[in-house]
file coords10.txt (compact mmCIF, C-alpha atoms and all ligand atoms)
# COMPACT_ATOMS: atom_id res chain seq x y z
CA MET A 750 18.05 155.15 -142.18
CA ASN A 751 19.72 157.75 -140.10
CA ARG A 752 17.65 160.29 -138.34
CA ARG A 753 18.93 163.29 -140.28
CA ARG A 754 17.98 161.72 -143.61
CA PHE A 755 14.61 160.70 -142.35
CA LEU A 756 13.86 164.11 -140.98
CA SER A 757 14.82 165.71 -144.25
CA ARG A 758 12.26 163.53 -145.97
CA LEU A 759 9.68 164.83 -143.61
CA ALA A 760 10.65 168.40 -144.02
CA THR A 761 8.34 169.32 -146.86
CA GLY A 762 5.36 168.16 -144.92
CA ALA A 763 6.36 170.17 -141.88
CA ALA A 764 5.59 166.91 -140.10
CA GLY A 765 3.05 166.99 -137.38
CA ALA A 766 5.16 168.14 -134.56
CA ALA A 767 2.63 170.71 -133.50
CA LEU A 768 -0.84 169.52 -132.82
CA PRO A 769 -1.39 171.47 -129.68
CA GLY A 770 -5.05 170.73 -129.37
CA LEU A 771 -4.80 166.95 -129.49
CA LEU A 772 -3.29 166.32 -126.10
CA PHE A 773 -5.35 163.46 -124.81
CA GLY A 774 -5.10 159.77 -125.43
CA CYS A 775 -7.16 156.66 -125.69
CA ASN A 776 -7.74 156.87 -122.02
CA ARG A 777 -5.97 160.07 -121.18
CA SER A 778 -8.96 162.28 -121.42
CA ARG A 779 -8.57 165.86 -120.48
CA SER A 780 -10.80 168.72 -121.25
CA ALA A 781 -10.43 170.57 -124.25
CA GLY A 782 -9.87 172.70 -127.18
CA VAL A 783 -9.07 170.76 -130.24
CA ASP A 784 -7.59 172.69 -133.06
CA ARG A 785 -9.38 171.11 -135.99
CA SER A 786 -7.33 173.04 -138.47
CA ALA A 787 -4.38 170.98 -137.32
CA ALA A 788 -6.10 167.64 -137.91
CA PRO A 789 -3.56 165.10 -139.09
CA ASP A 790 -3.11 164.51 -142.76
CA SER A 791 -1.60 161.06 -143.14
CA THR A 792 -0.18 161.91 -146.55
CA ARG A 793 2.35 164.27 -145.02
CA TYR A 794 4.21 162.46 -142.35
CA VAL A 795 6.44 159.67 -143.46
CA SER A 796 8.29 158.21 -146.36
CA PRO A 797 9.36 154.59 -146.69
CA VAL A 798 12.05 153.68 -144.22
CA THR A 799 12.91 150.08 -145.15
CA ASP A 800 13.11 148.01 -148.30
CA ARG A 801 9.97 146.27 -147.14
CA ASP A 802 8.19 149.58 -146.92
CA LEU A 803 9.18 150.31 -150.48
CA ALA A 804 7.62 146.99 -151.51
CA VAL A 805 4.49 147.98 -149.67
CA HIS A 806 4.11 150.88 -152.02
CA ALA A 807 3.26 148.45 -154.77
CA PHE A 808 -0.14 148.47 -153.07
CA ASP A 809 -0.61 152.16 -153.59
CA ALA A 810 -2.33 151.70 -156.91
CA GLU A 811 -4.91 149.55 -155.14
CA ILE A 812 -6.02 152.22 -152.72
CA THR A 813 -9.44 152.85 -154.10
CA LYS A 814 -12.32 152.76 -151.69
CA LEU A 815 -14.06 149.41 -151.99
CA ASP A 816 -17.69 149.63 -152.97
CA LYS A 817 -18.84 147.04 -150.50
CA PRO A 818 -21.25 147.15 -147.55
CA ALA A 819 -19.70 146.65 -144.12
CA SER A 820 -21.89 143.59 -143.57
CA ASP A 821 -19.92 141.76 -146.27
CA TRP A 822 -16.97 141.60 -143.88
CA THR A 823 -18.80 139.55 -141.25
CA SER A 824 -17.66 136.31 -142.81
CA VAL A 825 -14.08 137.52 -143.13
CA VAL A 826 -13.14 138.79 -139.67
CA SER A 827 -14.00 137.65 -136.15
CA GLU A 828 -17.04 139.03 -134.37
CA ASP A 829 -14.83 141.09 -132.05
CA ALA A 830 -12.79 142.46 -134.92
CA TYR A 831 -15.96 143.31 -136.85
CA GLN A 832 -17.28 145.26 -133.88
CA ILE A 833 -14.13 147.38 -133.85
CA LEU A 834 -13.65 147.76 -137.58
CA PHE A 835 -17.19 148.39 -138.72
CA GLU A 836 -19.02 149.47 -135.58
CA VAL A 837 -16.18 151.69 -134.32
CA GLY A 838 -15.55 149.72 -131.15
CA THR A 839 -12.54 149.76 -128.84
CA GLU A 840 -10.78 146.68 -127.49
CA PRO A 841 -9.84 146.51 -123.79
CA ARG A 842 -6.46 148.01 -123.05
CA TYR A 843 -3.56 145.56 -122.68
CA SER A 844 -5.60 142.89 -124.46
CA SER A 845 -3.68 142.79 -127.74
CA PRO A 846 -0.84 140.33 -128.38
CA LEU A 847 0.49 142.90 -130.83
CA LEU A 848 1.65 145.00 -127.89
CA ASP A 849 4.59 142.62 -127.58
CA GLU A 850 5.28 142.37 -131.30
CA LYS A 851 8.78 143.69 -131.84
CA ARG A 852 9.83 142.03 -135.11
CA ARG A 853 10.36 143.94 -138.34
CA GLY A 854 7.46 143.74 -140.70
CA THR A 855 4.22 145.38 -141.67
CA PHE A 856 0.89 145.84 -139.93
CA VAL A 857 -1.96 145.39 -142.40
CA CYS A 858 -5.70 145.98 -142.10
CA ALA A 859 -7.30 142.89 -140.58
CA ALA A 860 -10.19 143.14 -143.04
CA CYS A 861 -8.87 144.04 -146.48
CA HIS A 862 -5.11 143.52 -145.87
CA LEU A 863 -4.04 146.98 -147.01
CA PRO A 864 -0.65 147.70 -145.37
CA LEU A 865 -1.13 150.48 -142.82
CA PHE A 866 1.92 150.77 -140.57
CA PRO A 867 5.59 149.78 -140.96
CA SER A 868 6.98 148.18 -137.81
CA THR A 869 9.63 150.91 -137.79
CA THR A 870 7.07 153.44 -136.55
CA LYS A 871 5.73 151.28 -133.70
CA TYR A 872 6.64 152.35 -130.19
CA GLU A 873 5.69 151.66 -126.59
CA SER A 874 3.26 154.38 -125.56
CA GLY A 875 2.28 152.88 -122.21
CA THR A 876 -1.40 153.24 -123.04
CA GLY A 877 -2.16 149.53 -123.47
CA TRP A 878 -2.90 149.79 -127.19
CA PRO A 879 -0.48 149.22 -130.08
CA SER A 880 0.88 152.65 -130.96
CA PHE A 881 2.65 154.13 -133.96
CA TRP A 882 4.09 157.54 -134.73
CA ALA A 883 3.25 157.42 -138.44
CA PRO A 884 1.26 155.33 -140.92
CA LEU A 885 2.19 154.56 -144.49
CA PRO A 886 1.51 157.62 -146.59
CA ARG A 887 -2.03 157.89 -147.96
CA HIS A 888 -3.13 154.55 -146.50
CA LEU A 889 -5.38 156.03 -143.81
CA GLY A 890 -8.36 158.34 -143.89
CA THR A 891 -9.51 160.46 -140.95
CA SER A 892 -12.76 161.82 -139.60
CA VAL A 893 -13.87 163.95 -136.69
CA ASP A 894 -15.25 161.91 -133.79
CA ASN A 895 -17.53 163.74 -131.36
CA LYS A 896 -18.76 160.69 -129.46
CA LEU A 897 -16.99 161.68 -126.25
CA ALA A 898 -16.97 165.01 -124.44
CA VAL A 899 -13.79 165.87 -126.27
CA THR A 900 -13.42 165.91 -130.02
CA ARG A 901 -11.05 163.28 -131.33
CA THR A 902 -9.64 162.42 -134.73
CA GLU A 903 -10.66 158.94 -135.80
CA TYR A 904 -8.69 157.15 -138.52
CA HIS A 905 -9.56 154.22 -140.73
CA CYS A 906 -8.26 152.05 -143.52
CA ARG A 907 -8.61 154.10 -146.66
CA ARG A 908 -9.52 151.07 -148.74
CA CYS A 909 -12.23 149.21 -146.79
CA GLY A 910 -13.15 152.02 -144.39
CA GLY A 911 -12.51 149.81 -141.36
CA HIS A 912 -11.99 151.84 -138.18
CA GLN A 913 -8.51 151.43 -136.70
CA GLY A 914 -8.18 153.93 -133.86
CA HIS A 915 -7.63 157.57 -132.95
CA VAL A 916 -4.65 159.84 -133.47
CA PHE A 917 -3.35 162.24 -130.84
CA GLY A 918 -0.70 164.93 -130.63
CA ASP A 919 1.34 163.49 -127.75
CA GLY A 920 3.52 161.08 -129.71
CA PRO A 921 7.30 160.95 -130.05
CA ASP A 922 9.56 162.57 -132.60
CA PRO A 923 9.76 162.94 -135.51
CA THR A 924 6.03 163.47 -136.03
CA GLY A 925 4.80 164.14 -132.50
CA LEU A 926 1.80 161.94 -133.29
CA ARG A 927 0.41 158.89 -131.54
CA TYR A 928 -1.72 156.57 -133.64
CA CYS A 929 -3.53 154.58 -130.96
CA ASN A 930 -4.66 151.40 -132.72
CA ASN A 931 -6.88 148.49 -131.87
CA GLY A 932 -4.80 145.32 -132.21
CA LEU A 933 -7.81 143.37 -133.47
CA ALA A 934 -8.07 145.72 -136.43
CA LEU A 935 -4.55 144.81 -137.54
CA ARG A 936 -2.65 141.75 -138.64
CA PHE A 937 1.14 141.61 -138.40
CA ILE A 938 3.13 140.22 -141.31
CA PRO A 939 6.82 139.59 -140.45
CA GLU A 940 9.39 140.81 -142.94
CA SER A 941 10.24 137.20 -143.82
CA GLU A 942 6.72 136.54 -145.14
CA SER A 943 5.03 137.85 -148.25
CA LEU A 944 2.33 140.40 -147.78
CA PRO A 945 -1.11 138.82 -148.19
CA ASP A 946 -3.19 139.52 -151.27
CA LEU A 947 -5.67 142.31 -150.85
CA ARG A 948 -9.16 141.08 -150.03
CA ARG A 949 -11.97 142.32 -152.20
ZN ZN A 1001 -8.99 147.74 -144.85

call {"tool": "encode", "arguments": {"input": "coords10.txt", "output": "structure tokens", "more": "lines below"}}
Ligand SMILES: [Zn+2]
result
Amino acid sequence: MNRRRFLSRLATGAAGAALPGLLFGCNRSRSAGVDRSAAPDSTRYVSPVTDRDLAVHAFDAEITKLDKPASDWTSVVSEDAYQILFEVGTEPRYSSPLLDEKRRGTFVCAACHLPLFPSTTKYESGTGWPSFWAPLPRHLGTSVDNKLAVTRTEYHCRRCGGHQGHVFGDGPDPTGLRYCNNGLALRFIPESESLPDLRR
């Protein structure tokens, strides 16, 4: 899709180009004033950009929060992934093989398999964590994270609630956002493979 067309799709949401308060990254801490009123709303930023992304939208009807305790996922994901997804952990930087993943496809939640990011929004941020400038619309939820000295915006899989990462306002065009994701919280499905069934 050409850039002009894509940007026009974003226009109604005013994209997220201005998030002036969210100027620090996974490990780029600075002081400072977070404008909570500008907290990202993942429903506003991106429309499907590939045929595969359109197929992903077949999952939209399944985005209902699962009524399931986090402990039920212990037998489904690795211990390290569980610690990130359900205990809000962070993997070491430059530890994820997904940093080098450059194929077309879809990044799905490692726990419940809900598609979260199209490969077309992945970019090299230089932070050491897989980074994206937009998720699939409505597939993520957000919350305010005050665990560090600075307030951050945490985001998670809207279906299973599994923590994925934090979103910052220093990303590239067209959204200006950087979704800084733990690789262990994701699974990559190449375009040539079918998306996995959603786990329940
Ligand atoms: Zn999930």

call {"tool": "atom_distance", "arguments": {"input": "coords10.txt", "atom1": "CA of Gly911 (chain A)", "atom2": "CA of Asp946 (chain A)"}}
result
17.1 Å

call {"tool": "atom_distance", "arguments": {"input": "coords10.txt", "atom1": "CA of Ser874 (chain A)", "atom2": "CA of Ser943 (chain A)"}}
result
28.1 Å

call {"tool": "residues_near_ligand", "arguments": {"input": "coords10.txt", "ligand": "ligand ZN 1001 (chain A)", "cutoff": "12 Å", "atoms": "all atoms listed in the file", "output": "PDB file with C-alpha atoms, keeping the file's coordinate frame"}}
result
ATOM      1  CA  GLU A 811      -4.910 149.550-155.140  1.00  0.00           C
ATOM      2  CA  ILE A 812      -6.020 152.220-152.720  1.00  0.00           C
ATOM      3  CA  THR A 813      -9.440 152.850-154.100  1.00  0.00           C
ATOM      4  CA  LYS A 814     -12.320 152.760-151.690  1.00  0.00           C
ATOM      5  CA  LEU A 815     -14.060 149.410-151.990  1.00  0.00           C
ATOM      6  CA  LYS A 817     -18.840 147.040-150.500  1.00  0.00           C
ATOM      7  CA  ALA A 819     -19.700 146.650-144.120  1.00  0.00           C
ATOM      8  CA  TRP A 822     -16.970 141.600-143.880  1.00  0.00           C
ATOM      9  CA  VAL A 825     -14.080 137.520-143.130  1.00  0.00           C
ATOM     10  CA  VAL A 826     -13.140 138.790-139.670  1.00  0.00           C
ATOM     11  CA  ALA A 830     -12.790 142.460-134.920  1.00  0.00           C
ATOM     12  CA  TYR A 831     -15.960 143.310-136.850  1.00  0.00           C
ATOM     13  CA  LEU A 834     -13.650 147.760-137.580  1.00  0.00           C
ATOM     14  CA  PHE A 835     -17.190 148.390-138.720  1.00  0.00           C
ATOM     15  CA  PHE A 856       0.890 145.840-139.930  1.00  0.00           C
ATOM     16  CA  VAL A 857      -1.960 145.390-142.400  1.00  0.00           C
ATOM     17  CA  CYS A 858      -5.700 145.980-142.100  1.00  0.00           C
ATOM     18  CA  ALA A 859      -7.300 142.890-140.580  1.00  0.00           C
ATOM     19  CA  ALA A 860     -10.190 143.140-143.040  1.00  0.00           C
ATOM     20  CA  CYS A 861      -8.870 144.040-146.480  1.00  0.00           C
ATOM     21  CA  HIS A 862      -5.110 143.520-145.870  1.00  0.00           C
ATOM     22  CA  LEU A 863      -4.040 146.980-147.010  1.00  0.00           C
ATOM     23  CA  PRO A 864      -0.650 147.700-145.370  1.00  0.00           C
ATOM     24  CA  LEU A 865      -1.130 150.480-142.820  1.00  0.00           C
ATOM     25  CA  HIS A 888      -3.130 154.550-146.500  1.00  0.00           C
ATOM     26  CA  LEU A 889      -5.380 156.030-143.810  1.00  0.00           C
ATOM     27  CA  GLY A 890      -8.360 158.340-143.890  1.00  0.00           C
ATOM     28  CA  TYR A 904      -8.690 157.150-138.520  1.00  0.00           C
ATOM     29  CA  HIS A 905      -9.560 154.220-140.730  1.00  0.00           C
ATOM     30  CA  CYS A 906      -8.260 152.050-143.520  1.00  0.00           C
ATOM     31  CA  ARG A 907      -8.610 154.100-146.660  1.00  0.00           C
ATOM     32  CA  ARG A 908      -9.520 151.070-148.740  1.00  0.00           C
ATOM     33  CA  CYS A 909     -12.230 149.210-146.790  1.00  0.00           C
ATOM     34  CA  GLY A 910     -13.150 152.020-144.390  1.00  0.00           C
ATOM     35  CA  GLY A 911     -12.510 149.810-141.360  1.00  0.00           C
ATOM     36  CA  HIS A 912     -11.990 151.840-138.180  1.00  0.00           C
ATOM     37  CA  GLN A 913      -8.510 151.430-136.700  1.00  0.00           C
ATOM     38  CA  ALA A 934      -8.070 145.720-136.430  1.00  0.00           C
ATOM     39  CA  LEU A 935      -4.550 144.810-137.540  1.00  0.00           C
ATOM     40  CA  ARG A 936      -2.650 141.750-138.640  1.00  0.00           C
ATOM     41  CA  ASP A 946      -3.190 139.520-151.270  1.00  0.00           C
ATOM     42  CA  LEU A 947      -5.670 142.310-150.850  1.00  0.00           C
ATOM     43  CA  ARG A 948      -9.160 141.080-150.030  1.00  0.00           C
ATOM     44  CA  ARG A 949     -11.970 142.320-152.200  1.00  0.00           C
TER      45      ARG A 949
END

call {"tool": "closest_residue", "arguments": {"input": "coords10.txt", "among": "A:Pro886, A:Asp829, A:Asp922, A:Ile938", "to": "Pro841 (chain A)", "atoms": "all atoms listed in the file"}}
result
A:Asp829

call {"tool": "closest_residue", "arguments": {"input": "coords10.txt", "among": "A:Asp894, A:Trp878, A:Phe866, A:Gln832", "to": "Gly932 (chain A)", "atoms": "all atoms listed in the file"}}
result
A:Trp878

call {"tool": "atom_distance", "arguments": {"input": "coords10.txt", "atom1": "CA of Gly854 (chain A)", "atom2": "CA of Asp816 (chain A)"}}
result
28.6 Å

call {"tool": "closest_residue", "arguments": {"input": "coords10.txt", "among": "A:Thr876, A:Thr900, A:Thr924, A:Ser941", "to": "Arg842 (chain A)", "atoms": "only C-alpha atoms"}}
result
A:Thr876

call {"tool": "closest_residue", "arguments": {"input": "coords10.txt", "among": "A:Gly920, A:Pro939, A:Pro945, A:Gly925", "to": "Glu873 (chain A)", "atoms": "all atoms listed in the file"}}
result
A:Gly920

call {"tool": "closest_residue", "arguments": {"input": "coords10.txt", "among": "A:Ser827, A:Phe881, A:Arg887, A:Ser892", "to": "Leu847 (chain A)", "atoms": "all atoms listed in the file"}}
result
A:Phe881

call {"tool": "closest_residue", "arguments": {"input": "coords10.txt", "among": "A:Pro884, A:Asn930, A:Ala898, A:Pro921", "to": "Gly838 (chain A)", "atoms": "all atoms listed in the file"}}
result
A:Asn930

call {"tool": "decode", "arguments": {"input": "coords10.txt", "residues": "region 849-865 of chain A", "atoms": "N, CA, C and O atoms", "output": "PDB file, in the first residue's frame"}}
result
ATOM      1  N   ASP A 849      15.566 -10.479  14.754  1.00  0.00           N
ATOM      2  CA  ASP A 849      16.062 -10.684  13.392  1.00  0.00           C
ATOM      3  C   ASP A 849      14.983 -11.189  12.435  1.00  0.00           C
ATOM      4  O   ASP A 849      15.286 -11.525  11.296  1.00  0.00           O
ATOM      5  N   GLU A 850      13.758 -11.259  12.900  1.00  0.00           N
ATOM      6  CA  GLU A 850      12.680 -11.777  12.049  1.00  0.00           C
ATOM      7  C   GLU A 850      12.248 -10.697  11.060  1.00  0.00           C
ATOM      8  O   GLU A 850      11.719  -9.662  11.460  1.00  0.00           O
ATOM      9  N   LYS A 851      12.484 -10.963   9.781  1.00  0.00           N
ATOM     10  CA  LYS A 851      12.176  -9.939   8.784  1.00  0.00           C
ATOM     11  C   LYS A 851      11.167 -10.421   7.743  1.00  0.00           C
ATOM     12  O   LYS A 851      10.875  -9.717   6.774  1.00  0.00           O
ATOM     13  N   ARG A 852      10.644 -11.635   7.909  1.00  0.00           N
ATOM     14  CA  ARG A 852       9.686 -12.154   6.933  1.00  0.00           C
ATOM     15  C   ARG A 852       8.322 -11.478   7.098  1.00  0.00           C
ATOM     16  O   ARG A 852       8.022 -10.913   8.142  1.00  0.00           O
ATOM     17  N   ARG A 853       7.497 -11.607   6.072  1.00  0.00           N
ATOM     18  CA  ARG A 853       6.121 -11.119   6.196  1.00  0.00           C
ATOM     19  C   ARG A 853       5.318 -12.138   6.974  1.00  0.00           C
ATOM     20  O   ARG A 853       5.513 -13.353   6.836  1.00  0.00           O
ATOM     21  N   GLY A 854       4.420 -11.670   7.788  1.00  0.00           N
ATOM     22  CA  GLY A 854       3.607 -12.563   8.579  1.00  0.00           C
ATOM     23  C   GLY A 854       2.923 -11.809   9.695  1.00  0.00           C
ATOM     24  O   GLY A 854       2.708 -10.595   9.599  1.00  0.00           O
ATOM     25  N   THR A 855       2.623 -12.548  10.749  1.00  0.00           N
ATOM     26  CA  THR A 855       1.838 -11.979  11.839  1.00  0.00           C
ATOM     27  C   THR A 855       2.429 -12.403  13.174  1.00  0.00           C
ATOM     28  O   THR A 855       2.797 -13.566  13.354  1.00  0.00           O
ATOM     29  N   PHE A 856       2.520 -11.477  14.088  1.00  0.00           N
ATOM     30  CA  PHE A 856       2.971 -11.784  15.444  1.00  0.00           C
ATOM     31  C   PHE A 856       1.728 -11.986  16.311  1.00  0.00           C
ATOM     32  O   PHE A 856       0.886 -11.091  16.410  1.00  0.00           O
ATOM     33  N   VAL A 857       1.630 -13.166  16.897  1.00  0.00           N
ATOM     34  CA  VAL A 857       0.445 -13.483  17.709  1.00  0.00           C
ATOM     35  C   VAL A 857       0.857 -13.603  19.175  1.00  0.00           C
ATOM     36  O   VAL A 857       2.031 -13.811  19.504  1.00  0.00           O
ATOM     37  N   CYS A 858      -0.120 -13.482  20.062  1.00  0.00           N
ATOM     38  CA  CYS A 858       0.130 -13.635  21.492  1.00  0.00           C
ATOM     39  C   CYS A 858       0.639 -15.051  21.769  1.00  0.00           C
ATOM     40  O   CYS A 858       0.037 -16.029  21.313  1.00  0.00           O
ATOM     41  N   ALA A 859       1.729 -15.159  22.504  1.00  0.00           N
ATOM     42  CA  ALA A 859       2.312 -16.472  22.780  1.00  0.00           C
ATOM     43  C   ALA A 859       1.399 -17.339  23.639  1.00  0.00           C
ATOM     44  O   ALA A 859       1.497 -18.561  23.618  1.00  0.00           O
ATOM     45  N   ALA A 860       0.490 -16.727  24.365  1.00  0.00           N
ATOM     46  CA  ALA A 860      -0.412 -17.515  25.212  1.00  0.00           C
ATOM     47  C   ALA A 860      -1.668 -17.928  24.459  1.00  0.00           C
ATOM     48  O   ALA A 860      -1.898 -19.111  24.210  1.00  0.00           O
ATOM     49  N   CYS A 861      -2.481 -16.966  24.054  1.00  0.00           N
ATOM     50  CA  CYS A 861      -3.800 -17.315  23.495  1.00  0.00           C
ATOM     51  C   CYS A 861      -3.846 -17.308  21.971  1.00  0.00           C
ATOM     52  O   CYS A 861      -4.847 -17.683  21.386  1.00  0.00           O
ATOM     53  N   HIS A 862      -2.753 -16.853  21.328  1.00  0.00           N
ATOM     54  CA  HIS A 862      -2.644 -16.839  19.859  1.00  0.00           C
ATOM     55  C   HIS A 862      -3.433 -15.732  19.167  1.00  0.00           C
ATOM     56  O   HIS A 862      -3.560 -15.757  17.940  1.00  0.00           O
ATOM     57  N   LEU A 863      -3.967 -14.790  19.899  1.00  0.00           N
ATOM     58  CA  LEU A 863      -4.634 -13.672  19.222  1.00  0.00           C
ATOM     59  C   LEU A 863      -3.590 -12.901  18.409  1.00  0.00           C
ATOM     60  O   LEU A 863      -2.538 -12.528  18.935  1.00  0.00           O
ATOM     61  N   PRO A 864      -3.846 -12.648  17.113  1.00  0.00           N
ATOM     62  CA  PRO A 864      -2.912 -11.834  16.332  1.00  0.00           C
ATOM     63  C   PRO A 864      -2.795 -10.431  16.943  1.00  0.00           C
ATOM     64  O   PRO A 864      -3.812  -9.821  17.283  1.00  0.00           O
ATOM     65  N   LEU A 865      -1.574  -9.944  17.074  1.00  0.00           N
ATOM     66  CA  LEU A 865      -1.378  -8.636  17.711  1.00  0.00           C
ATOM     67  C   LEU A 865      -0.718  -7.611  16.788  1.00  0.00           C
ATOM     68  O   LEU A 865      -1.124  -6.455  16.774  1.00  0.00           O
TER      69      LEU A 865
END
